[in-house]
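**Student:** File follows, input-v4.cif with mmCIF, C-alpha atoms:
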```
data_data
loop_
_atom_site.group_PDB
_atom_site.id
_atom_site.type_symbol
_atom_site.label_atom_id
_atom_site.label_comp_id
_atom_site.auth_asym_id
_atom_site.auth_seq_id
_atom_site.Cartn_x
_atom_site.Cartn_y
_atom_site.Cartn_z
ATOM 1 C CA MET A 1 38.080 -40.192 36.211
ATOM 2 C CA PRO A 2 36.567 -36.778 36.983
ATOM 3 C CA PRO A 3 35.278 -34.779 34.041
ATOM 4 C CA GLY A 4 37.515 -32.047 32.691
ATOM 5 C CA PRO A 5 36.803 -28.355 33.022
ATOM 6 C CA PRO A 6 34.032 -26.920 30.860
ATOM 7 C CA PRO A 7 35.121 -24.998 27.774
ATOM 8 C CA LEU A 8 35.675 -21.283 28.343
ATOM 9 C CA PRO A 9 32.887 -19.212 26.775
ATOM 10 C CA THR A 10 33.885 -16.850 24.004
ATOM 11 C CA ALA A 11 34.419 -13.205 24.856
ATOM 12 C CA PRO A 12 31.310 -11.069 24.320
ATOM 13 C CA VAL A 13 31.047 -8.768 21.330
ATOM 14 C CA LYS A 14 30.088 -5.222 22.290
ATOM 15 C CA GLY A 15 26.351 -4.657 21.882
ATOM 16 C CA SER A 16 25.519 -8.348 21.508
ATOM 17 C CA PRO A 17 23.564 -10.368 24.074
ATOM 18 C CA LEU A 18 25.617 -11.782 26.910
ATOM 19 C CA VAL A 19 25.213 -15.366 28.144
ATOM 20 C CA LEU A 20 24.640 -15.629 31.894
ATOM 21 C CA SER A 21 24.599 -19.216 33.113
ATOM 22 C CA VAL A 22 25.015 -21.373 36.181
ATOM 23 C CA SER A 23 26.859 -24.599 35.531
ATOM 24 C CA ARG A 24 28.747 -26.892 37.918
ATOM 25 C CA ARG A 25 28.684 -24.431 40.862
ATOM 26 C CA MET A 26 29.976 -21.542 38.724
ATOM 27 C CA LEU A 27 28.149 -18.417 37.604
ATOM 28 C CA TRP A 28 29.324 -17.464 34.127
ATOM 29 C CA VAL A 29 28.750 -13.852 33.060
ATOM 30 C CA GLY A 30 30.021 -13.874 29.511
ATOM 31 C CA SER A 31 33.585 -15.173 29.882
ATOM 32 C CA ALA A 32 33.882 -14.196 33.574
ATOM 33 C CA ALA A 33 33.540 -17.107 36.006
ATOM 34 C CA ILE A 34 32.322 -16.552 39.563
ATOM 35 C CA PRO A 35 32.233 -19.457 42.033
ATOM 36 C CA LEU A 36 28.766 -19.593 43.582
ATOM 37 C CA HIS A 37 30.252 -19.898 47.079
ATOM 38 C CA ASN A 38 31.932 -16.474 46.575
ATOM 39 C CA ILE A 39 28.623 -14.692 45.942
ATOM 40 C CA THR A 40 27.534 -12.627 48.935
ATOM 41 C CA TRP A 41 24.677 -10.598 47.456
ATOM 42 C CA VAL A 42 22.357 -10.724 44.441
ATOM 43 C CA ASP A 43 19.773 -8.028 43.712
ATOM 44 C CA ALA A 44 17.779 -6.518 40.877
ATOM 45 C CA TYR A 45 17.211 -2.783 41.209
ATOM 46 C CA ARG A 46 17.156 0.461 39.254
ATOM 47 C CA MET A 47 20.634 1.990 39.120
ATOM 48 C CA LYS A 48 20.417 5.748 39.307
ATOM 49 C CA PRO A 49 22.865 7.640 37.105
ATOM 50 C CA ASP A 50 25.635 9.612 38.786
ATOM 51 C CA ARG A 51 24.328 13.097 38.109
ATOM 52 C CA VAL A 52 27.030 14.774 40.202
ATOM 53 C CA SER A 53 29.765 13.288 37.982
ATOM 54 C CA ALA A 54 27.806 14.217 34.853
ATOM 55 C CA ALA A 55 27.451 17.810 36.094
ATOM 56 C CA ALA A 56 31.161 17.960 36.963
ATOM 57 C CA ARG A 57 32.110 16.668 33.485
ATOM 58 C CA LEU A 58 29.796 19.212 31.871
ATOM 59 C CA LEU A 59 31.229 22.050 33.939
ATOM 60 C CA ALA A 60 34.820 20.971 33.219
ATOM 61 C CA TRP A 61 34.032 20.756 29.493
ATOM 62 C CA LEU A 62 32.467 24.228 29.498
ATOM 63 C CA VAL A 63 35.421 25.751 31.379
ATOM 64 C CA GLY A 64 37.816 24.077 28.930
ATOM 65 C CA ALA A 65 35.813 25.334 25.937
ATOM 66 C CA VAL A 66 35.801 28.898 27.309
ATOM 67 C CA LEU A 67 39.563 28.773 27.960
ATOM 68 C CA VAL A 68 40.275 27.478 24.457
ATOM 69 C CA TYR A 69 38.028 30.177 23.010
ATOM 70 C CA LEU A 70 39.709 32.924 25.049
ATOM 71 C CA LEU A 71 43.205 31.692 24.157
ATOM 72 C CA GLY A 72 42.279 31.378 20.489
ATOM 73 C CA ASN A 73 40.615 34.789 20.525
ATOM 74 C CA SER A 74 43.605 36.487 22.203
ATOM 75 C CA ALA A 75 46.014 34.861 19.709
ATOM 76 C CA THR A 76 44.121 36.533 16.860
ATOM 77 C CA ASP A 77 44.042 39.934 18.644
ATOM 78 C CA GLY A 78 40.342 39.771 19.480
ATOM 79 C CA ASP A 79 39.248 39.117 15.919
ATOM 80 C CA ALA A 80 37.078 35.998 15.978
ATOM 81 C CA GLY A 81 36.648 36.224 12.217
ATOM 82 C CA GLY A 82 34.138 33.751 10.823
ATOM 83 C CA ASN A 83 34.663 31.263 13.657
ATOM 84 C CA GLY A 84 31.939 32.716 15.905
ATOM 85 C CA ASN A 85 29.277 30.392 14.510
ATOM 86 C CA LEU A 86 31.623 27.434 14.828
ATOM 87 C CA TRP A 87 32.119 28.138 18.549
ATOM 88 C CA ILE A 88 28.370 28.426 19.069
ATOM 89 C CA LEU A 89 27.908 25.062 17.340
ATOM 90 C CA VAL A 90 30.655 23.407 19.429
ATOM 91 C CA VAL A 91 29.241 24.779 22.693
ATOM 92 C CA ALA A 92 25.697 23.719 21.735
ATOM 93 C CA ALA A 93 26.885 20.191 20.900
ATOM 94 C CA GLY A 94 28.798 19.970 24.184
ATOM 95 C CA LEU A 95 25.781 21.182 26.128
ATOM 96 C CA ALA A 96 23.546 18.616 24.412
ATOM 97 C CA VAL A 97 25.911 15.756 25.283
ATOM 98 C CA GLY A 98 26.420 17.005 28.847
ATOM 99 C CA LEU A 99 22.730 17.581 29.503
ATOM 100 C CA LYS A 100 21.955 14.090 28.216
ATOM 101 C CA GLY A 101 24.078 12.701 31.056
ATOM 102 C CA LEU A 102 22.154 14.801 33.554
ATOM 103 C CA PHE A 103 18.703 13.708 32.440
ATOM 104 C CA VAL A 104 19.205 9.993 31.675
ATOM 105 C CA SER A 105 16.753 7.799 33.603
ATOM 106 C CA ALA A 106 17.529 5.016 36.065
ATOM 107 C CA GLN A 107 18.275 1.694 34.373
ATOM 108 C CA PRO A 108 17.219 -1.730 35.673
ATOM 109 C CA VAL A 109 20.249 -3.856 36.564
ATOM 110 C CA LEU A 110 21.090 -7.185 38.142
ATOM 111 C CA ALA A 111 24.080 -6.922 40.464
ATOM 112 C CA VAL A 112 26.008 -9.909 41.795
ATOM 113 C CA GLU A 113 28.477 -9.001 44.535
ATOM 114 C CA MET A 114 31.398 -11.230 45.411
ATOM 115 C CA ALA A 115 33.137 -11.689 48.770
ATOM 116 C CA SER A 116 35.889 -9.363 47.526
ATOM 117 C CA GLY A 117 33.368 -6.535 47.207
ATOM 118 C CA SER A 118 33.517 -6.372 43.409
ATOM 119 C CA LYS A 119 30.283 -6.629 41.431
ATOM 120 C CA ALA A 120 29.185 -8.118 38.142
ATOM 121 C CA ILE A 121 26.411 -5.923 36.730
ATOM 122 C CA VAL A 122 24.166 -6.803 33.787
ATOM 123 C CA THR A 123 20.919 -5.349 32.489
ATOM 124 C CA LEU A 124 17.655 -6.147 30.722
ATOM 125 C CA PRO A 125 14.697 -3.866 29.978
ATOM 126 C CA SER A 126 12.406 -5.777 32.375
ATOM 127 C CA MET A 127 12.769 -5.644 36.173
ATOM 128 C CA ASP A 128 10.626 -8.785 36.454
ATOM 129 C CA GLU A 129 13.052 -10.795 34.309
ATOM 130 C CA LEU A 130 16.008 -9.523 36.351
ATOM 131 C CA ARG A 131 14.266 -10.448 39.623
ATOM 132 C CA HIS A 132 13.553 -13.912 38.234
ATOM 133 C CA ILE A 133 17.234 -14.383 37.290
ATOM 134 C CA ALA A 134 18.298 -13.140 40.755
ATOM 135 C CA GLY A 135 16.010 -15.743 42.324
ATOM 136 C CA ARG A 136 17.475 -18.498 40.154
ATOM 137 C CA ILE A 137 21.031 -17.498 41.138
ATOM 138 C CA ALA A 138 20.074 -17.444 44.832
ATOM 139 C CA HIS A 139 18.450 -20.871 44.441
ATOM 140 C CA ALA A 140 21.593 -22.237 42.743
ATOM 141 C CA ILE A 141 23.766 -21.150 45.686
ATOM 142 C CA ASP A 142 21.954 -23.621 47.987
ATOM 143 C CA HIS A 143 21.282 -26.300 45.370
ATOM 144 C CA PRO A 144 24.479 -27.644 43.726
ATOM 145 C CA GLU A 145 22.541 -29.476 41.010
ATOM 146 C CA ALA A 146 20.852 -26.287 39.732
ATOM 147 C CA GLU A 147 21.850 -25.156 36.243
ATOM 148 C CA PHE A 148 20.393 -22.612 33.829
ATOM 149 C CA THR A 149 21.313 -20.330 30.957
ATOM 150 C CA THR A 150 19.808 -16.994 29.938
ATOM 151 C CA LEU A 151 20.673 -13.965 27.815
ATOM 152 C CA VAL A 152 21.272 -10.511 29.302
ATOM 153 C CA GLN A 153 22.937 -7.290 28.180
ATOM 154 C CA GLN A 154 26.256 -5.988 29.417
ATOM 155 C CA TYR A 155 25.915 -2.962 31.684
ATOM 156 C CA ASN A 156 28.909 -0.918 30.747
ATOM 157 C CA ASN A 157 28.556 2.818 30.534
ATOM 158 C CA THR A 158 32.181 3.820 30.981
ATOM 159 C CA ASN A 159 34.600 1.080 29.937
ATOM 160 C CA ASN A 160 34.405 0.195 26.249
ATOM 161 C CA TYR A 161 37.415 -2.094 26.232
ATOM 162 C CA GLY A 162 37.302 -3.919 29.557
ATOM 163 C CA PRO A 163 35.885 -7.140 30.879
ATOM 164 C CA VAL A 164 32.279 -7.807 31.747
ATOM 165 C CA VAL A 165 32.771 -7.631 35.513
ATOM 166 C CA SER A 166 32.418 -4.069 36.765
ATOM 167 C CA MET A 167 35.006 -3.425 39.457
ATOM 168 C CA ARG A 168 33.189 -1.161 41.852
ATOM 169 C CA ASP A 169 34.036 -0.766 45.506
ATOM 170 C CA GLY A 170 35.947 -3.715 46.920
ATOM 171 C CA ARG A 171 38.723 -3.823 49.461
ATOM 172 C CA GLY A 172 41.963 -2.468 48.094
ATOM 173 C CA ASN A 173 40.576 -2.226 44.589
ATOM 174 C CA THR A 174 42.715 0.056 42.446
ATOM 175 C CA GLY A 175 40.986 -0.764 39.173
ATOM 176 C CA PHE A 176 42.448 -2.359 36.087
ATOM 177 C CA LYS A 177 46.034 -1.603 35.128
ATOM 178 C CA LEU A 178 46.308 -1.569 31.345
#
```
Write out the structure in this file as structure tokens.
**Tutor:**
Amino acid sequence: MPPGPPPLPTAPVKGSPLVLSVSRRMLWVGSAAIPLHNITWVDAYRMKPDRVSAAARLLAWLVGAVLVYLLGNSATDGDAGGNGNLWILVVAAGLAVGLKGLFVSAQPVLAVEMASGSKAIVTLPSMDELRHIAGRIAHAIDHPEAEFTTLVQQYNNTNNYGPVVSMRDGRGNTGFKL
């Protein structure tokens, strides 16, 4: 009688280490299972932040803040009252958050791309460790008996509620419908 399916790993808790393992021809990234024969590309590299999007968000936030200020100022007949310092504080805080997105450095990541074009992306502080894990995954693709388990961190800079697998690119990908 063939053995039953392995137990499903528990869902990762945000901020906690994520278990990445190869077992029985499956790559497990947290609770996401990827058949090894579906993997088309594995690489460790430094992912550069999207500075254009960060600049666009900053500009949109500044335009919105100016419009709210102008509308609020015209509603009070040009009398800003004691709220002038509050607006300066709000604009300074928004600039600090927006500029942080512009000046964040590239982060080392391990990307595993599937035949569908979607990618599972995880991170660790060390590029050498990520390259080693990439090599072990590539080895496991050609060697069915290969198994290993390691801890990584979830790379998730935009989706705080979604699954571990980052849906980027892909054919016909429209994202997650919640």
**Student:** Would you write out, as a list in words, every residue that the PyMOL selection byres ((chain A and resi 46) around 6) captures in this file?
**Tutor:**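 Written out, the selection comes to Tyr45, Met47, Ala106, Gln107, Pro108 and Val109 of chain A.
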**Student:** So what do you get for atom CA of A:Ala140 versus atom CA of A:Tyr155, distance-wise?
**Tutor:**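 About the pair atom CA of A:Ala140 and atom CA of A:Tyr155: they are 22.6 Å apart.
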**Student:** Can you measure atom CA of A:Arg51 to atom CA of A:Ala93 for me? One decimal in Å is fine.
**Tutor:**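 So the answer is 18.8 Å.
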**Student:** Would you please work out which residue, of A:Trp87, A:Ala120, A:Val104, A:Leu62, is nearest to A:Ile34 when using only C-alpha atoms?
**Tutor:**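 Under the stated criterion, the closest residue is A:Ala120.
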**Student:** Please indicate the distance in Å from atom CA of A:Glu129 to atom CA of A:Phe148, rounded to one decimal place.
**Tutor:**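 Interatomic distance, atom CA of A:Glu129 to atom CA of A:Phe148: 13.9 Å.
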**Student:** Once the PyMOL selection byres ((chain A and resi 145) around 12) is applied to the coordinates I shared, what remains selected? I want it as a PDB file with C-alpha atoms, in the coordinates of the input.
**Tutor:**
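Done, and the output landed in result19.pdb:
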```pdb
ATOM      1  CA  VAL A  22      25.015 -21.373  36.181  1.00  0.00           C
ATOM      2  CA  SER A  23      26.859 -24.599  35.531  1.00  0.00           C
ATOM      3  CA  ARG A  24      28.747 -26.892  37.918  1.00  0.00           C
ATOM      4  CA  ARG A  25      28.684 -24.431  40.862  1.00  0.00           C
ATOM      5  CA  MET A  26      29.976 -21.542  38.724  1.00  0.00           C
ATOM      6  CA  LEU A  36      28.766 -19.593  43.582  1.00  0.00           C
ATOM      7  CA  HIS A 139      18.450 -20.871  44.441  1.00  0.00           C
ATOM      8  CA  ALA A 140      21.593 -22.237  42.743  1.00  0.00           C
ATOM      9  CA  ILE A 141      23.766 -21.150  45.686  1.00  0.00           C
ATOM     10  CA  ASP A 142      21.954 -23.621  47.987  1.00  0.00           C
ATOM     11  CA  HIS A 143      21.282 -26.300  45.370  1.00  0.00           C
ATOM     12  CA  PRO A 144      24.479 -27.644  43.726  1.00  0.00           C
ATOM     13  CA  ALA A 146      20.852 -26.287  39.732  1.00  0.00           C
ATOM     14  CA  GLU A 147      21.850 -25.156  36.243  1.00  0.00           C
ATOM     15  CA  PHE A 148      20.393 -22.612  33.829  1.00  0.00           C
TER      16      PHE A 148
END
```
**Student:** Any chance you could resolve the PyMOL selection byres ((chain A and resi 152) around 6) against this file and give the residues as a PyMOL selection string?
**Tutor:** chain A and resi 17-18+124+151+153
**Student:** Of the candidates A:Ala56, A:Leu20, A:Ala32, A:Ala96, which one gets nearest to A:Val122 if we count all atoms listed in the file?
**Tutor:**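 Answer, going by the shortest atom-to-atom distance: A:Leu20.
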**Student:** Where atoms are missing, can you supply N, CA and C atoms for stretch 20-37 of chain A and output the lot as a compact mmCIF listing (two decimals), in the coordinates of the input?
**Tutor:**
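So the final result, stored in out_29.txt, reads:
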```txt
# COMPACT_ATOMS: atom_id res chain seq x y z
N LEU A 20 24.49 -15.49 30.46
CA LEU A 20 24.64 -15.63 31.89
C LEU A 20 24.15 -17.03 32.21
N SER A 21 25.00 -17.84 32.83
CA SER A 21 24.60 -19.22 33.11
C SER A 21 25.19 -19.69 34.43
N VAL A 22 24.51 -20.67 35.01
CA VAL A 22 25.02 -21.37 36.18
C VAL A 22 25.26 -22.80 35.73
N SER A 23 26.49 -23.26 35.93
CA SER A 23 26.86 -24.60 35.53
C SER A 23 27.96 -25.10 36.45
N ARG A 24 27.74 -26.26 37.07
CA ARG A 24 28.75 -26.89 37.92
C ARG A 24 29.28 -25.95 38.99
N ARG A 25 28.37 -25.30 39.72
CA ARG A 25 28.68 -24.43 40.86
C ARG A 25 29.44 -23.17 40.47
N MET A 26 29.35 -22.77 39.20
CA MET A 26 29.98 -21.54 38.72
C MET A 26 28.92 -20.67 38.06
N LEU A 27 28.97 -19.39 38.32
CA LEU A 27 28.15 -18.42 37.60
C LEU A 27 29.03 -17.84 36.51
N TRP A 28 28.59 -18.01 35.27
CA TRP A 28 29.32 -17.46 34.13
C TRP A 28 28.59 -16.22 33.65
N VAL A 29 29.28 -15.10 33.61
CA VAL A 29 28.75 -13.85 33.06
C VAL A 29 29.63 -13.54 31.86
N GLY A 30 29.16 -13.95 30.69
CA GLY A 30 30.02 -13.87 29.51
C GLY A 30 31.18 -14.82 29.71
N SER A 31 32.41 -14.33 29.67
CA SER A 31 33.58 -15.17 29.88
C SER A 31 34.12 -15.07 31.30
N ALA A 32 33.46 -14.32 32.18
CA ALA A 32 33.88 -14.20 33.57
C ALA A 32 33.23 -15.30 34.40
N ALA A 33 34.03 -16.01 35.17
CA ALA A 33 33.54 -17.11 36.01
C ALA A 33 33.56 -16.69 37.47
N ILE A 34 32.44 -16.91 38.16
CA ILE A 34 32.32 -16.55 39.56
C ILE A 34 31.88 -17.80 40.31
N PRO A 35 32.68 -18.31 41.24
CA PRO A 35 32.23 -19.46 42.03
C PRO A 35 31.01 -19.07 42.86
N LEU A 36 30.00 -19.92 42.86
CA LEU A 36 28.77 -19.59 43.58
C LEU A 36 29.02 -19.38 45.07
N HIS A 37 29.99 -20.08 45.65
CA HIS A 37 30.25 -19.90 47.08
C HIS A 37 30.90 -18.54 47.38
```
